[in-house]
$ cat my_file.cif   # mmCIF, C-alpha atoms
data_entry
#
loop_
_atom_site.label_atom_id
_atom_site.label_comp_id
_atom_site.auth_asym_id
_atom_site.auth_seq_id
_atom_site.Cartn_x
_atom_site.Cartn_y
_atom_site.Cartn_z
CA MET H 1 -5.08 156.22 29.56
CA SER H 2 -7.42 156.86 32.45
CA SER H 3 -9.51 160.04 32.56
CA PRO H 4 -12.78 161.11 34.21
CA LEU H 5 -14.53 160.15 30.98
CA THR H 6 -12.91 156.77 30.43
CA ASP H 7 -13.31 155.93 34.13
CA LEU H 8 -17.08 155.91 33.56
CA CYS H 9 -16.95 152.83 31.35
CA ARG H 10 -14.60 149.90 30.65
CA HIS H 11 -15.15 150.13 26.91
CA PRO H 12 -15.10 153.31 24.79
CA ILE H 13 -18.69 152.67 23.74
CA VAL H 14 -21.46 155.16 24.50
CA GLN H 15 -25.08 154.33 23.63
CA ALA H 16 -26.60 157.45 22.14
CA PRO H 17 -29.61 159.02 23.83
CA MET H 18 -32.37 158.57 21.23
CA ALA H 19 -35.44 160.61 22.12
CA GLY H 20 -38.82 159.19 21.26
CA GLY H 21 -38.61 155.91 23.15
CA ALA H 22 -35.63 153.94 21.81
CA SER H 23 -33.30 154.79 24.70
CA CYS H 24 -35.38 153.15 27.38
CA PRO H 25 -34.15 152.06 30.84
CA HIS H 26 -33.57 148.43 29.84
CA LEU H 27 -31.31 149.44 26.94
CA ALA H 28 -29.33 151.97 28.97
CA ALA H 29 -28.89 149.53 31.85
CA ALA H 30 -27.81 146.67 29.58
CA VAL H 31 -25.14 148.82 27.94
CA SER H 32 -23.81 150.19 31.22
CA GLU H 33 -23.86 146.80 32.93
CA THR H 34 -21.65 145.40 30.16
CA GLY H 35 -19.02 148.11 30.40
CA GLY H 36 -20.32 150.71 27.99
CA LEU H 37 -22.05 153.95 28.95
CA GLY H 38 -25.82 153.76 28.60
CA PHE H 39 -27.96 156.87 28.20
CA LEU H 40 -31.54 157.86 28.84
CA ALA H 41 -33.12 160.48 26.59
CA ALA H 42 -35.13 162.99 28.61
CA GLY H 43 -36.26 164.84 25.50
CA TYR H 44 -40.06 164.89 24.98
CA LYS H 45 -40.60 163.45 28.47
CA THR H 46 -41.99 165.18 31.53
CA ALA H 47 -39.65 165.79 34.44
CA ASP H 48 -41.46 163.11 36.43
CA GLY H 49 -41.26 160.70 33.50
CA MET H 50 -37.52 161.27 33.34
CA TYR H 51 -37.17 160.64 37.07
CA GLN H 52 -39.14 157.41 36.88
CA GLU H 53 -36.84 156.14 34.15
CA ILE H 54 -33.76 157.10 36.17
CA ASN H 55 -35.06 155.05 39.07
CA GLN H 56 -35.71 152.11 36.76
CA VAL H 57 -32.11 152.17 35.54
CA ARG H 58 -30.86 152.37 39.12
CA GLY H 59 -32.89 149.28 39.87
CA LEU H 60 -31.27 147.41 36.99
CA THR H 61 -27.60 148.36 37.38
CA ALA H 62 -25.18 150.05 39.74
CA ALA H 63 -22.95 151.06 36.82
CA PRO H 64 -22.66 154.70 35.67
CA PHE H 65 -25.19 155.97 33.11
CA GLY H 66 -26.19 159.28 31.63
CA VAL H 67 -29.24 161.46 30.96
CA ASN H 68 -29.55 163.75 27.94
CA LEU H 69 -31.44 167.05 28.05
CA PHE H 70 -32.73 169.26 25.23
CA MET H 71 -31.91 172.94 25.63
CA PRO H 72 -34.85 175.40 25.52
CA GLN H 73 -35.41 176.81 22.05
CA PRO H 74 -35.82 180.49 21.10
CA GLY H 75 -39.15 181.59 19.74
CA THR H 76 -37.85 182.56 16.31
CA ALA H 77 -40.21 180.51 14.13
CA ASP H 78 -42.40 182.38 11.66
CA PRO H 79 -46.03 181.72 12.69
CA ALA H 80 -47.19 182.34 9.13
CA ALA H 81 -44.82 179.69 7.76
CA VAL H 82 -46.00 177.24 10.39
CA GLY H 83 -49.58 178.02 9.43
CA VAL H 84 -48.88 177.31 5.76
CA TYR H 85 -47.27 174.00 6.69
CA ARG H 86 -50.27 173.13 8.86
CA ASP H 87 -52.51 173.66 5.82
CA GLN H 88 -50.26 171.43 3.74
CA LEU H 89 -50.56 168.65 6.32
CA ALA H 90 -54.37 168.74 6.30
CA GLY H 91 -54.47 165.79 3.91
CA GLU H 92 -52.31 163.73 6.27
CA SER H 93 -54.67 164.57 9.12
CA THR H 94 -57.59 163.31 7.07
CA TRP H 95 -55.77 160.20 5.89
CA TYR H 96 -54.71 159.12 9.38
CA GLU H 97 -57.96 160.35 10.95
CA THR H 98 -56.13 162.27 13.64
CA PRO H 99 -55.97 166.01 14.39
CA LEU H 100 -52.81 168.02 13.95
CA GLY H 101 -51.08 169.04 17.16
CA ASP H 102 -50.77 172.48 18.70
CA PRO H 103 -47.49 174.05 17.51
CA ASP H 104 -47.45 176.23 20.62
CA SER H 105 -47.28 173.29 23.04
CA GLY H 106 -44.04 174.47 24.64
CA ARG H 107 -40.46 175.37 23.76
CA ASP H 108 -38.43 174.50 26.86
CA ASP H 109 -39.10 170.72 27.16
CA GLY H 110 -39.42 171.13 30.94
CA TYR H 111 -35.75 172.09 31.13
CA GLU H 112 -35.75 173.87 34.49
CA ALA H 113 -37.77 171.14 36.22
CA LYS H 114 -35.43 168.48 34.86
CA LEU H 115 -32.38 170.44 36.00
CA ALA H 116 -33.84 170.68 39.49
CA ILE H 117 -34.33 166.90 39.70
CA LEU H 118 -30.87 166.11 38.34
CA LEU H 119 -29.19 168.52 40.75
CA ASP H 120 -31.21 167.32 43.73
CA ASP H 121 -30.62 163.62 43.01
CA PRO H 122 -27.54 163.53 40.75
CA VAL H 123 -26.76 160.95 38.08
CA PRO H 124 -23.18 160.25 36.93
CA VAL H 125 -23.44 161.98 33.54
CA VAL H 126 -25.65 164.65 31.96
CA SER H 127 -25.38 165.70 28.33
CA PHE H 128 -27.01 168.57 26.44
CA THR H 129 -28.27 168.90 22.88
CA PHE H 130 -29.47 171.90 20.79
CA GLY H 131 -27.31 174.39 22.65
CA CYS H 132 -24.93 174.98 25.52
CA PRO H 133 -25.97 175.55 29.14
CA THR H 134 -24.79 178.58 31.07
CA ARG H 135 -21.63 178.43 33.13
CA ASN H 136 -23.73 178.57 36.29
CA VAL H 137 -25.63 175.42 35.29
CA LEU H 138 -22.48 173.50 34.41
CA GLU H 139 -20.77 174.60 37.63
CA SER H 140 -23.80 173.41 39.60
CA PHE H 141 -23.41 169.96 38.05
CA THR H 142 -19.70 169.98 38.83
CA ARG H 143 -20.49 170.66 42.48
CA ALA H 144 -23.00 167.80 42.38
CA GLY H 145 -20.33 165.43 41.08
CA THR H 146 -21.93 165.04 37.65
CA PHE H 147 -19.82 164.78 34.48
CA THR H 148 -21.19 167.09 31.77
CA ILE H 149 -21.12 166.72 27.98
CA VAL H 150 -22.26 169.24 25.35
CA THR H 151 -23.05 168.19 21.78
CA ALA H 152 -21.12 170.18 19.17
CA THR H 153 -21.38 170.14 15.38
CA THR H 154 -18.73 172.79 14.68
CA PRO H 155 -15.41 173.87 16.25
CA GLU H 156 -17.10 177.09 17.37
CA GLU H 157 -19.77 175.16 19.26
CA ALA H 158 -17.08 173.05 20.92
CA GLN H 159 -15.29 176.23 21.93
CA ALA H 160 -18.49 177.60 23.45
CA ALA H 161 -18.82 174.38 25.46
CA GLN H 162 -15.27 174.74 26.75
CA TRP H 163 -15.79 178.38 27.71
CA ALA H 164 -18.96 177.47 29.60
CA GLY H 165 -17.17 174.78 31.60
CA ALA H 166 -18.31 171.48 30.07
CA ASP H 167 -16.26 168.40 30.93
CA ALA H 168 -16.40 166.96 27.39
CA VAL H 169 -17.90 167.49 23.96
CA CYS H 170 -19.88 165.03 21.89
CA VAL H 171 -18.58 165.76 18.40
CA GLN H 172 -21.45 165.00 16.02
CA GLY H 173 -20.74 164.53 12.33
CA ILE H 174 -23.33 165.01 9.63
CA GLU H 175 -23.51 161.21 9.16
CA ALA H 176 -25.42 160.87 12.45
CA GLY H 177 -29.00 159.65 12.59
CA GLY H 178 -31.69 161.73 14.22
CA HIS H 179 -31.40 165.44 14.89
CA GLN H 180 -28.33 167.49 14.20
CA GLY H 181 -27.46 168.94 17.60
CA THR H 182 -26.61 172.42 16.34
CA HIS H 183 -26.62 175.21 18.92
CA ARG H 184 -28.40 177.56 16.51
CA ASP H 185 -30.76 176.42 13.78
CA ASP H 186 -29.70 178.26 10.63
CA PRO H 187 -31.57 177.20 7.46
CA ALA H 188 -28.80 178.72 5.34
CA ALA H 189 -26.44 176.05 6.71
CA ASP H 190 -28.64 173.06 5.84
CA GLY H 191 -26.58 170.20 4.44
CA SER H 192 -23.27 171.96 5.01
CA GLY H 193 -22.19 170.11 8.15
CA TYR H 194 -18.83 168.46 8.69
CA GLY H 195 -18.11 164.78 8.29
CA LEU H 196 -17.08 163.16 11.57
CA LEU H 197 -13.35 162.58 10.99
CA THR H 198 -12.81 166.10 9.67
CA LEU H 199 -14.79 167.56 12.56
CA LEU H 200 -12.80 165.57 15.13
CA GLU H 201 -9.56 167.02 13.80
CA LEU H 202 -10.94 170.56 13.72
CA VAL H 203 -12.30 170.31 17.27
CA ARG H 204 -9.07 168.73 18.55
CA GLU H 205 -7.16 171.75 17.28
CA THR H 206 -9.67 174.16 18.83
CA VAL H 207 -10.33 172.90 22.36
CA GLN H 208 -8.65 170.80 25.03
CA LEU H 209 -11.75 168.88 26.09
CA PRO H 210 -12.16 165.11 25.76
CA MET H 211 -14.16 164.23 22.65
CA ILE H 212 -16.87 161.63 22.15
CA ALA H 213 -17.25 160.84 18.43
CA ALA H 214 -20.75 160.46 16.98
CA GLY H 215 -21.96 160.01 13.44
CA GLY H 216 -22.70 156.86 11.44
CA LEU H 217 -20.49 154.56 13.54
CA MET H 218 -21.58 150.92 13.34
CA ARG H 219 -18.45 148.75 13.61
CA GLY H 220 -15.57 148.55 16.03
CA SER H 221 -13.13 149.39 13.22
CA GLN H 222 -14.91 152.75 12.79
CA VAL H 223 -14.78 153.34 16.53
CA ALA H 224 -11.05 152.58 16.48
CA ALA H 225 -10.56 155.10 13.65
CA ALA H 226 -12.33 157.74 15.73
CA LEU H 227 -10.11 156.92 18.71
CA VAL H 228 -7.01 157.25 16.56
CA ALA H 229 -8.37 160.62 15.38
CA GLY H 230 -8.37 161.82 18.99
CA ALA H 231 -11.70 160.79 20.46
CA SER H 232 -11.82 159.25 23.93
CA ALA H 233 -14.97 157.25 23.15
CA ALA H 234 -17.58 156.78 20.44
CA GLN H 235 -21.32 157.27 20.65
CA LEU H 236 -23.53 154.90 18.64
CA GLY H 237 -27.30 155.21 18.23
CA THR H 238 -28.48 153.39 15.12
CA ALA H 239 -26.32 150.38 16.02
CA PHE H 240 -28.34 149.92 19.25
CA LEU H 241 -31.71 150.79 17.72
CA VAL H 242 -32.51 147.20 16.67
CA CYS H 243 -31.46 145.56 19.94
CA PRO H 244 -34.33 143.71 21.66
CA GLU H 245 -33.96 146.04 24.67
CA SER H 246 -34.49 149.11 22.49
CA GLY H 247 -37.86 150.79 22.85
CA ALA H 248 -38.01 151.71 19.17
CA HIS H 249 -41.18 150.72 17.30
CA ALA H 250 -40.98 147.35 15.56
CA LEU H 251 -41.57 149.00 12.16
CA HIS H 252 -38.66 151.34 12.81
CA LYS H 253 -36.38 148.41 13.62
CA GLN H 254 -37.49 146.47 10.54
CA ALA H 255 -36.98 149.48 8.27
CA MET H 256 -33.24 149.56 8.99
CA THR H 257 -32.69 146.66 6.58
CA ASN H 258 -35.91 146.83 4.55
CA PRO H 259 -34.95 147.15 0.84
CA LEU H 260 -37.76 149.69 0.41
CA PHE H 261 -35.62 152.20 2.29
CA VAL H 262 -32.40 152.59 0.37
CA ARG H 263 -30.94 155.82 1.73
CA THR H 264 -31.04 158.43 4.47
CA GLU H 265 -31.61 162.15 4.10
CA LEU H 266 -31.62 165.22 6.30
CA THR H 267 -35.13 166.65 6.62
CA ARG H 268 -37.18 169.20 8.55
CA ALA H 269 -40.43 167.45 7.62
CA PHE H 270 -41.19 165.90 11.02
CA SER H 271 -39.82 168.40 13.52
CA GLY H 272 -38.77 171.63 11.85
CA ARG H 273 -35.10 170.94 12.62
CA PRO H 274 -32.65 169.05 10.38
CA ALA H 275 -32.67 165.36 11.25
CA ARG H 276 -31.38 162.32 9.37
CA GLY H 277 -33.76 159.48 8.68
CA LEU H 278 -34.71 156.88 6.12
CA ALA H 279 -36.24 158.57 3.09
CA ASN H 280 -39.95 157.75 2.95
CA ARG H 281 -43.14 159.16 1.49
CA PHE H 282 -43.75 161.75 4.21
CA MET H 283 -40.21 163.05 3.92
CA ARG H 284 -40.36 163.28 0.12
CA GLU H 285 -43.76 164.99 0.02
CA HIS H 286 -43.31 167.45 2.87
CA GLY H 287 -39.58 167.89 3.47
CA PRO H 288 -39.06 170.54 0.77
CA TYR H 289 -41.78 172.73 2.31
CA ALA H 290 -41.17 172.29 6.04
CA PRO H 291 -40.22 175.55 7.77
CA ALA H 292 -37.34 176.08 10.16
CA ALA H 293 -39.62 175.88 13.17
CA TYR H 294 -38.61 173.56 16.00
CA PRO H 295 -40.31 172.41 18.16
CA ASP H 296 -43.45 173.88 16.53
CA VAL H 297 -43.42 171.36 13.67
CA HIS H 298 -42.58 168.53 16.08
CA HIS H 299 -45.74 169.29 18.05
CA LEU H 300 -47.72 169.71 14.82
CA THR H 301 -46.80 166.27 13.44
CA SER H 302 -46.64 164.29 16.69
CA GLY H 303 -50.12 162.84 16.36
CA LEU H 304 -49.60 161.99 12.69
CA ARG H 305 -46.46 160.01 13.47
CA LYS H 306 -48.17 158.09 16.24
CA ALA H 307 -51.17 157.36 14.02
CA ALA H 308 -48.91 156.13 11.22
CA ALA H 309 -47.16 153.77 13.63
CA LYS H 310 -50.49 152.50 14.95
CA ALA H 311 -51.65 151.90 11.37
CA GLY H 312 -48.48 149.99 10.55
CA ASP H 313 -47.48 152.59 7.96
CA ALA H 314 -43.72 153.17 8.03
CA GLN H 315 -44.10 155.66 5.17
CA GLY H 316 -45.60 158.17 7.60
CA MET H 317 -43.17 157.64 10.49
CA ALA H 318 -39.95 159.44 11.40
CA LEU H 319 -37.49 156.61 10.80
CA TRP H 320 -34.37 158.21 12.25
CA ALA H 321 -31.21 156.44 11.13
CA GLY H 322 -27.54 157.16 10.53
CA GLN H 323 -25.79 156.67 7.21
CA GLY H 324 -24.54 153.24 8.28
CA HIS H 325 -28.01 151.82 8.98
CA ARG H 326 -27.50 148.84 6.64
CA LEU H 327 -24.77 147.62 9.00
CA VAL H 328 -27.10 147.02 11.96
CA ARG H 329 -26.77 143.71 13.77
CA GLU H 330 -29.76 142.40 15.64
CA MET H 331 -28.43 141.09 18.95
CA PRO H 332 -28.85 141.82 22.65
CA ALA H 333 -27.25 145.09 23.75
CA ALA H 334 -24.78 143.35 26.06
CA GLN H 335 -23.61 141.12 23.23
CA LEU H 336 -23.28 144.10 20.89
CA VAL H 337 -21.11 145.98 23.38
CA GLY H 338 -18.87 142.92 23.66
CA VAL H 339 -18.63 142.48 19.89
CA LEU H 340 -17.84 146.15 19.36
CA ALA H 341 -15.20 146.13 22.10
CA ALA H 342 -13.51 143.08 20.56
CA GLU H 343 -13.58 144.74 17.13
CA VAL H 344 -12.03 147.89 18.58
CA ASP H 345 -9.22 145.91 20.19
CA SER H 346 -8.56 143.99 16.98
CA ALA H 347 -8.53 147.13 14.84
CA ARG H 348 -6.24 149.01 17.24
CA ALA H 349 -3.84 146.07 17.32
CA ALA H 350 -3.81 145.97 13.53
CA PHE H 351 -3.14 149.68 13.38
CA ALA H 352 -0.33 149.40 15.91
CA HIS H 353 1.33 146.79 13.67
CA GLY H 354 1.02 148.92 10.56
CA GLY H 355 -2.07 147.27 9.19
CA GLY H 356 -4.36 150.29 9.48
CA VAL H 357 -7.90 150.22 10.80
#

$ encode --input "my_file.cif" --output "structure tokens"
Amino acid sequence: MSSPLTDLCRHPIVQAPMAGGASCPHLAAAVSETGGLGFLAAGYKTADGMYQEINQVRGLTAAPFGVNLFMPQPGTADPAAVGVYRDQLAGESTWYETPLGDPDSGRDDGYEAKLAILLDDPVPVVSFTFGCPTRNVLESFTRAGTFTIVTATTPEEAQAAQWAGADAVCVQGIEAGGHQGTHRDDPAADGSGYGLLTLLELVRETVQLPMIAAGGLMRGSQVAAALVAGASAAQLGTAFLVCPESGAHALHKQAMTNPLFVRTELTRAFSGRPARGLANRFMREHGPYAPAAYPDVHHLTSGLRKAAAKAGDAQGMALWAGQGHRLVREMPAAQLVGVLAAEVDSARAAFAHGGGV
């Protein structure tokens, strides 16, 4: 059934915006060119850096693509707790021979400047993470002809997105790799998030917006299950992480199937916000003590993570990954979109004939 969302792509496959380099222009363009919906991640980039990447994608494909923005964060972190964590990381600073970053390096991720660029020179889709924009912002994008998506991890967050005027919600289950896109960071709620299929049903009964399912999806059969559960499309990040077009570090790609990394966990160790990644030394040693302080902790550990990558030490890197990371398939992004689409069609046909998905 055609809708403004499904009209953006031939296949119900959305490549997740993975901040930190993985979602580069070549990956986004390859996905969009093949009938999926590719995404750039504007998080941690300057406004000009975002614009340069947008122009690169435009030079590679005429197909629709999206840009993801991080919402500005409130200054609620406890400076004393951040200071204690800084002291705890002193040994890491010595080990990697790099200074710790300034936790006060900024809380808004250049949000207003990025909005101005995207409204002046619109892209087809803009999504938001870590909160919901105001109605005025979303209405401005509507006037610009941009389709808007707000990440939601609870029915209440989805309802807030609908009230504000979003065109769709990205329903993110706790299985998802990378950061949980909660609108409010509440340490008391750590680990209590909804699984994707349950969350899809809860959101479907709460709002009337189209849903994009996200969270641990790696195979077309899982995408088909999400579609049966009411989603209009599925968003996959980890599945695209190991594609040759991905800008993820080689160690990060290799870790997805490295037997040294046997499970994923949610941690605040690297950024101060809950994020799912492969359990490694840094996570085990520092995760239990990391404060609820985003983006303060992100700025604090940024240099350490870069130094670990430069040293070839995956045990000190943020290896973001969803629960299905063992199911990654190393192939070009265009081929992966095609394989996933064929798997979706096969699973839906089987379901239609009573065989389930």

$ resolve_selection --input "my_file.cif" --expression "the PyMOL selection byres ((chain H and resi 39) around 8)" --output "PyMOL selection string"
chain H and resi 14-17+23+28+37-38+40-41+65-68

$ atom_distance --input "my_file.cif" --atom1 "CA of Ala166 (chain H)" --atom2 "CA of Ala144 (chain H)"
13.7 Å

$ closest_atom_pairs --input "my_file.cif" --of "region 207-239 of chain H" --to "region 343-351 of chain H" --cutoff "9 Å" --atoms "only C-alpha atoms" --output "Markdown table"
| residue | atom | partner | partner_atom | distance |
| --- | --- | --- | --- | --- |
| H:Arg219 | CA | H:Glu343 | CA | 7.2 |
| H:Gly220 | CA | H:Val344 | CA | 4.4 |
| H:Ser221 | CA | H:Ala347 | CA | 5.4 |
| H:Gln222 | CA | H:Val344 | CA | 8.1 |
| H:Val223 | CA | H:Val344 | CA | 6.4 |
| H:Ala224 | CA | H:Val344 | CA | 5.2 |
| H:Ala225 | CA | H:Arg348 | CA | 8.3 |
| H:Leu227 | CA | H:Arg348 | CA | 8.9 |
| H:Val228 | CA | H:Arg348 | CA | 8.3 |

$ closest_residue --input "my_file.cif" --among "H:Gln162, H:His286, H:Glu139, H:Ala168" --to "Asp87 (chain H)" --atoms "only C-alpha atoms"
H:His286

$ resolve_selection --input "my_file.cif" --expression "the PyMOL selection byres ((chain H and resi 200) around 10)" --output "PyMOL selection string"
chain H and resi 153-155+170-173+194-199+201-206+211-214+226-227+229-231

$ write_last_selection --input "my_file.cif" --atoms "C-alpha atoms" --output "mmCIF file, in the frame of the given file"
data_model
loop_
_atom_site.group_PDB
_atom_site.id
_atom_site.type_symbol
_atom_site.label_atom_id
_atom_site.label_comp_id
_atom_site.auth_asym_id
_atom_site.auth_seq_id
_atom_site.Cartn_x
_atom_site.Cartn_y
_atom_site.Cartn_z
ATOM 1 C CA THR H 153 -21.380 170.140 15.380
ATOM 2 C CA THR H 154 -18.730 172.790 14.680
ATOM 3 C CA PRO H 155 -15.410 173.870 16.250
ATOM 4 C CA CYS H 170 -19.880 165.030 21.890
ATOM 5 C CA VAL H 171 -18.580 165.760 18.400
ATOM 6 C CA GLN H 172 -21.450 165.000 16.020
ATOM 7 C CA GLY H 173 -20.740 164.530 12.330
ATOM 8 C CA TYR H 194 -18.830 168.460 8.690
ATOM 9 C CA GLY H 195 -18.110 164.780 8.290
ATOM 10 C CA LEU H 196 -17.080 163.160 11.570
ATOM 11 C CA LEU H 197 -13.350 162.580 10.990
ATOM 12 C CA THR H 198 -12.810 166.100 9.670
ATOM 13 C CA LEU H 199 -14.790 167.560 12.560
ATOM 14 C CA GLU H 201 -9.560 167.020 13.800
ATOM 15 C CA LEU H 202 -10.940 170.560 13.720
ATOM 16 C CA VAL H 203 -12.300 170.310 17.270
ATOM 17 C CA ARG H 204 -9.070 168.730 18.550
ATOM 18 C CA GLU H 205 -7.160 171.750 17.280
ATOM 19 C CA THR H 206 -9.670 174.160 18.830
ATOM 20 C CA MET H 211 -14.160 164.230 22.650
ATOM 21 C CA ILE H 212 -16.870 161.630 22.150
ATOM 22 C CA ALA H 213 -17.250 160.840 18.430
ATOM 23 C CA ALA H 214 -20.750 160.460 16.980
ATOM 24 C CA ALA H 226 -12.330 157.740 15.730
ATOM 25 C CA LEU H 227 -10.110 156.920 18.710
ATOM 26 C CA ALA H 229 -8.370 160.620 15.380
ATOM 27 C CA GLY H 230 -8.370 161.820 18.990
ATOM 28 C CA ALA H 231 -11.700 160.790 20.460
#

$ closest_residue --input "my_file.cif" --among "H:Ala293, H:Leu300, H:Leu138, H:Cys132" --to "Glu157 (chain H)" --atoms "all atoms listed in the file"
H:Cys132
